[in-house]
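> Sharing a structure with you now.
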Number of protein chains: 2
Amino acid sequence: MHASMASPVNWQTRRQEKNRRLQRLSDLASGPIIPTADIVTALERLICPGDKVVLEGNNQKQADFLSRSLAEVSPAVVNHLHLIMPSVGRPEHLDLFEKGIARKLDFSFSGPQSLRIGQLLEDDLLEIGAIHTYIELYARLFVDLNPQVALLAGFKADRQGNIYTGPSTEDTPALVEATAFRDGIVIFQVNEIVDDVSDLPRVDVPASWVDFIVQADKPFFIEPLFTRDPRLITPLHVLMGMMAIRGIYARHQVQSLNHGIGFNTAAIELLLPTYGEQLGLKGKICRHWTLNPHPTLIPAIESGWVESVHCFGTELGMEDYIAARPDVFFTGRDGSMRSNRAFCQLAGQYAVDMFIGSTLQVDGEGHSSTVTRGRLAGFGGAPNMGHDPGGRRHASKAWLDMVTDNSLLSKGRKLVVQMVETFQDSNKPTFVQELDALAMARDYQMPLAPVMIYAQDVTHVLTEDGIAYLYKASSSDERRAMIAAVAGITPIGLQQDAKETARLREEGLVAYPEDLGIRRADASRNLLAAKSIGELQNWSGGLYQPPAKFRSW
Amino acid sequence: MHASMASPVNWQTRRQEKNRRLQRLSDLASGPIIPTADIVTALERLICPGDKVVLEGNNQKQADFLSRSLAEVSPAVVNHLHLIMPSVGRPEHLDLFEKGIARKLDFSFSGPQSLRIGQLLEDDLLEIGAIHTYIELYARLFVDLNPQVALLAGFKADRQGNIYTGPSTEDTPALVEATAFRDGIVIFQVNEIVDDVSDLPRVDVPASWVDFIVQADKPFFIEPLFTRDPRLITPLHVLMGMMAIRGIYARHQVQSLNHGIGFNTAAIELLLPTYGEQLGLKGKICRHWTLNPHPTLIPAIESGWVESVHCFGTELGMEDYIAARPDVFFTGRDGSMRSNRAFCQLAGQYAVDMFIGSTLQVDGEGHSSTVTRGRLAGFGGAPNMGHDPGGRRHASKAWLDMVTDNSLLSKGRKLVVQMVETFQDSNKPTFVQELDALAMARDYQMPLAPVMIYAQDVTHVLTEDGIAYLYKASSSDERRAMIAAVAGITPIGLQQDAKETARLREEGLVAYPEDLGIRRADASRNLLAAKSIGELQNWSGGLYQPPAKFRSW
């Protein structure tokens with residue numbers, strides 16, 4: 001019937017276009033190597049207007065030589081790019097939009113640049129596709145966001161193009177696979193080029209996936225994002241940490257978990273070897289972690305609490321410590337860590353009992369966001385790890401603890417804990433009538449308000465006042481009352497009814513410190529296993545090398 | 001304070017144990033190469049009792065030389081293994097349990113072996129950890145299921161141990177990473193060993209992640225699991241396919257999707273170039289797919305419907321066709337496909353508008369399962385793709401169509417469509433009062449009943465009677481009535497109230513074919529773009545090479 005369908009269609013347009021562009025570098029590159037001085041010219045020849053370009057902005061690995069070079073191309077030649085970036089962290093990332101080189105942005109996280117993104121949006125110089133959680137962004141690379149070019153970073157390459165990423169393997173495997181196997185052009189900046197594959201510590205990305213390498217003018221920028229100085233942990237953090245350990249971790253026997261970044265969770269990490277030990281919990285909770293290598297976890301590791309840590313990325317200063325603790329961390333044959341954000345986010349989604357993190361605003365129903373007016377911060381991994389994955393089919397004690405009936409059709413839930421002080425500062429309540437995210441959605445006519453974690457996913461809210469066990473709520477009214485009961489003197493907290501709060505405490509739906517057997521007076525910094533960066537270094541036997549900015553002792 | 005914490009603890013026990021075992025092969029292996037004849041001895045020296053062992057049973061790639069060899073080790077030497085397998089498909093996989101070599105099993109899918117797993121469980125020869133969805137199983141490899149050994153399969157290796165997996169890259173990248181970077185031992189069987197890396201079509205796994213390679217006695221087993229012969233598509237399948245296209249795909253403008261395996265969805269694939277074309281839908285729906293390379297998708301591809309297909313694995317006979325269509329499929333520089341189940345499941349979870357699949361039983365609320373008494377089938381990817389990922393933060397038309405109110409705090413949903421005939425055969429209703437999975441959970445005292453897709457995740461049920469738009473249900477009673485309205489003369493369907501059904505149709509909560517402008521009499525096999533495997537091959541211009549069992553024309 002369709003015997004003569006041998007179609008006249010060209011099915012190799014992507015491959016031919018790629019080859020056409022590669023040809024344009026034949027006089028410039030030597031094999032896969034682009035001379036450092038020629039990178040701007042090379043980018044002008046390899047990238048075309050309107051291309052989807054992956055730019056490795058990660059947390060701990062910045063293709064910053066490539067992004068600085070991209071900012072130097074002529075906007076007459078290269079313009080209207082659609083940038084796809086896990087993390088927007090460098091000033092030049094946004095220069096690209098000011099210059100008209102880039103136009104559209106799909107991303108996940110933007111810490112220090114969040115305000116400027118808002119301004120560029122106002123000025124109509126930047127168009128946002130969506131603000132994703134990390135693995136959602138990677139997922140789209142394989143569906144409707146296929147990149148033409150990926151600009152990536154590694155530590156070292158050999159002359160064939162085999163790449164050693166260094167311990168910050170991070171987002172690279174996902175970004176490179178989606179590009180290399182869709183006839184996109186893969187370009188790596190590296191700090192050093194060695195002659196032979198045997199000169200590389202290990203191969204993280206094989207040469208047959210890589211088109212070009214270029215030696216950067218200087219090593220890529222990396223900053224310690226996940227280091228929290230114990231000096232800044234307050235007695236209030238200690239109190240909340242004690243409540244978390246006793247009222248959540250021990251109660252539900254949490255075996256595997258992710259901690260957000262912040263002083264609250266840093267306090268917990270530092271309380272495990274002291275307060276946790278006093279409670280006899282060692283070996284019974286917190287055995288498996290999906291986590292960046294937080295320095296504040298060192299005392300718990302050294303005390304034998306931690307069986308494994310799989311990491312999204314690395315942390316500056318932790319390299320030697322990690323390499324010396326292969327029983328705990330995932331490392332290569334060469335000894336250095338292999339992090340992997342895609343797999344760690346997957347592990348944090350599907351394989352852990354609990355996610356606990358902080359936020360800037362929580363409303364009366366329990367919706368939360370870190371977006372505040374004018375700041376398009378992005379949420380990184382929180383939306384992914386801070387929800388209950390509907391596809392999970394294995395049970396654990398903590399997961400089953402969330403079941404509140406006897407139906408065979410009920411299943412457990414991931415524990416999603418919001419741990420917040422009732423006020424951010426004396427003028428800024430954490431608990432608010434309406435999230436700023438909603439005003440933002442109205443202002444920019446967003447199809448979806450930038451909510452970080454939705455109320456239906458939150459199982460516990462923990463404040464300095466107490467813990468609301470939201471998974472036990474039998475109605476939305478009761479749920480609101482439970483949140484109000486721990487919301488202090490914020491607008492939400494002031495709505496509480498004293499009698500109702502007493503009932504909630506009596507029935508175990510809400511627990512105040514005294515209900516958990518915790519005396520507020522006991523919450524002292526003396527309970528912290530380390531009270532300074534220097535003490536963390538001591539715990540590590542000198543293996544942890546704090547970056548200069550933390551060397552203040 | 002803790003200055004002298006330089007601990008006497010050994011932090012390298014895993015690495016030392018690995019090296020101890022590698023040493024035991026020093027007289028046997030030549031570099032990374034184990035002689036084919038010595039594999040049983042090698043496995044007895046490398047694997048210890050109680051080890052967690054990943055065995056690559058996938059859908060389309062079987063480490064069957066290694067599994068057959070493992071079944072020959074002495075149970076006195078190697079026993080009580082904890083096997084971790086994506087797919088349990090080979091008879092010898094279960095021989096391992098009968099012989100006492102293996103004891104515990106964590107897995108995702110077991111098609112042909114599901115009955116025997118049930119028997120071994122009854123006989124107390126096998127203990128089940130859990131039945132996971134694929135990426136949940138990979139996720140646990142990075143948390144609480146760290147393997148000591150991985151037994152994997154590839155097409156080719158060089159003498160250094162660089163691996164070319166062939167187009168069935170499938171589960172391998174996830175399995176190898178979790179083992180290689182946790183001081184586990186990675187062993188690949190390959191069909192062929194070549195001298196140098198330049199003799200490999202491409203590198204899928206770098207040698208620095210691989211400990212041993214062994215040439216298999218014969219190429220690994222592969223069978224065509226995803227080929228559906230169009231001869232077996234009935235007019236009823238065609239009717240349901242027309243309803244799906246008109247009542248779901250077109251109505252919600254579904255751009256990106258996953259199809260389950262089955263004649264129902266095969267019918268849809270074959271109706272796109274005919275019925276879909278008549279409706280003027282080309283280029284407007286079904287542009288991006290996450291899917292195994294179904295032969296029945298060939299006519300839609302050739303007709304220009306399909307912009308991209310990212311694949312979990314491959315399909316026997318499709319190799320040349322895929323290699324000739326790089327604009328559609330993800331392929332390497334060498335031309336052959338690179339599939340990747342982890343990324344494709346991630347894409348199917350986070351990046352597509354819709355999952356549509358079939359099942360064996362649905363209850364009155366919409367819970368479903370393919371588990372029937374005595375058969376522990378496992379669900380593969382369905383639980384993952386058949387739920388709404390709570391972390392999704394990008395919008396699409398179809399996704400936003402699931403919103404039924406105006407709240408800024410509402411978000412869209414993934415479309416999860418159950419497409420079933422009301423009866424499996426004349427005696428077996430699909431719609432049942434209680435899933436067999438619940439009896440199974442009671443019999444085996446499972447912590448979680450083996451439900452494939454939970455009611456709360458299902459947005460549409462489609463039968464030959466009509467479509468129930470469950471996402472519109474305003475109460476659980478209404479939802480039950482909607483399901484009953486399309487459940488024919490099954491026990492559930494017989495509960496329907498004619499007046500209520502009329503109301504549901506009138507209000508657009510349920511649609512019968514005539515409500516969609518579809519005449520049952522028009523549902524003819526003549527609408528199929530191909531009515532046989534031979535016609536599929538013709539569509540492909542002879543590139544598709546059907547396996548022998550399908551060459552019946």
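If you're wondering about the labels, chains in the structure tokens are A, B, ... by order shown, residues count from 1 in each chain, ligands from 1 in order shown.
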Out of segment 332-472 of chain A, which residues get strand (DSSP E or B) from DSSP, as a PyMOL selection string?

chain A and resi 337+354-357+361-363+368-369+372+375+378+415-419+423-425+428-429+431-432+453+460-462+467-469

> Please report as CSV every residue of chain A lying within 6 Å of chain B, along with the nearest atom pair and their distance in Å (one decimal), using only C-alpha atoms.


residue,atom,partner,partner_atom,distance
A:His2,CA,B:Trp539,CA,5.7
A:Ala3,CA,B:Asn538,CA,4.8
A:Met5,CA,B:Trp539,CA,5.6
A:Ala6,CA,B:Gly541,CA,4.7
A:Trp11,CA,B:Arg325,CA,5.2
A:Gln12,CA,B:Asp327,CA,5.4
A:Arg14,CA,B:Asp327,CA,6.0
A:Ala130,CA,B:His394,CA,5.3
A:His132,CA,B:Arg393,CA,5.3
A:Glu136,CA,B:Tyr350,CA,5.3
A:Ala139,CA,B:Ala347,CA,4.3
A:Arg140,CA,B:Ala351,CA,5.2
A:Val143,CA,B:His288,CA,5.9
A:Phe181,CA,B:Thr331,CA,4.9
A:Arg182,CA,B:Phe330,CA,5.1
A:Arg202,CA,B:Ser208,CA,5.8
A:Ser208,CA,B:Arg202,CA,5.8
A:His288,CA,B:Val143,CA,5.9
A:Arg325,CA,B:Trp11,CA,5.2
A:Pro326,CA,B:Gln12,CA,5.8
A:Asp327,CA,B:Trp11,CA,5.3
A:Phe330,CA,B:Phe181,CA,5.1
A:Thr331,CA,B:Phe181,CA,4.9
A:Gly332,CA,B:Phe181,CA,5.0
A:Leu346,CA,B:Ala139,CA,5.6
A:Ala347,CA,B:Ala139,CA,4.3
A:Tyr350,CA,B:Glu136,CA,5.3
A:Ala351,CA,B:Arg140,CA,5.2
A:Pro383,CA,B:Gly391,CA,4.5
A:Asn384,CA,B:Gly391,CA,4.3
A:His387,CA,B:Gly390,CA,5.6
A:Gly390,CA,B:His387,CA,5.6
A:Gly391,CA,B:Asn384,CA,4.3
A:Arg393,CA,B:His132,CA,5.3
A:His394,CA,B:Ala130,CA,5.3
A:Asn538,CA,B:Ala3,CA,4.8
A:Trp539,CA,B:Met5,CA,5.6
A:Gly541,CA,B:Ala6,CA,4.8

> Do you know which residues are at most 9 Å from Glu315 of chain B counting only C-alpha atoms, after dropping those on the same chain fewer than 6 positions away, and could you put them as a PyMOL selection string?

chain B and resi 60+168+222-227+292-295

> DSSP on the backbone, then: every residue of segment 394-461 of chain A marked helix (DSSP H, G or I), written as a PyMOL selection string.

chain A and resi 397-401+436-443+455-457

> Env of Leu239 of chain B: 9 Å cut, atoms = only C-alpha atoms, seq-sep filter 5 positions within chain, self excluded. Answer as a list in words.

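Near neighbours after the sequence-gap exclusion: Thr234, Ala244, Glu464, Pro513, Ile518, Arg519, Arg520, Ala521, Asp522, Ala523 and Ser524 of chain B.
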
> Could you pull the residues within 7 Å of segment 75-89 of chain A, counting only C-alpha atoms, minus those fewer than 2 positions along the same chain, as number ranges by chain?

A: 44, 47-59, 73, 91, 93, 99-113, 134
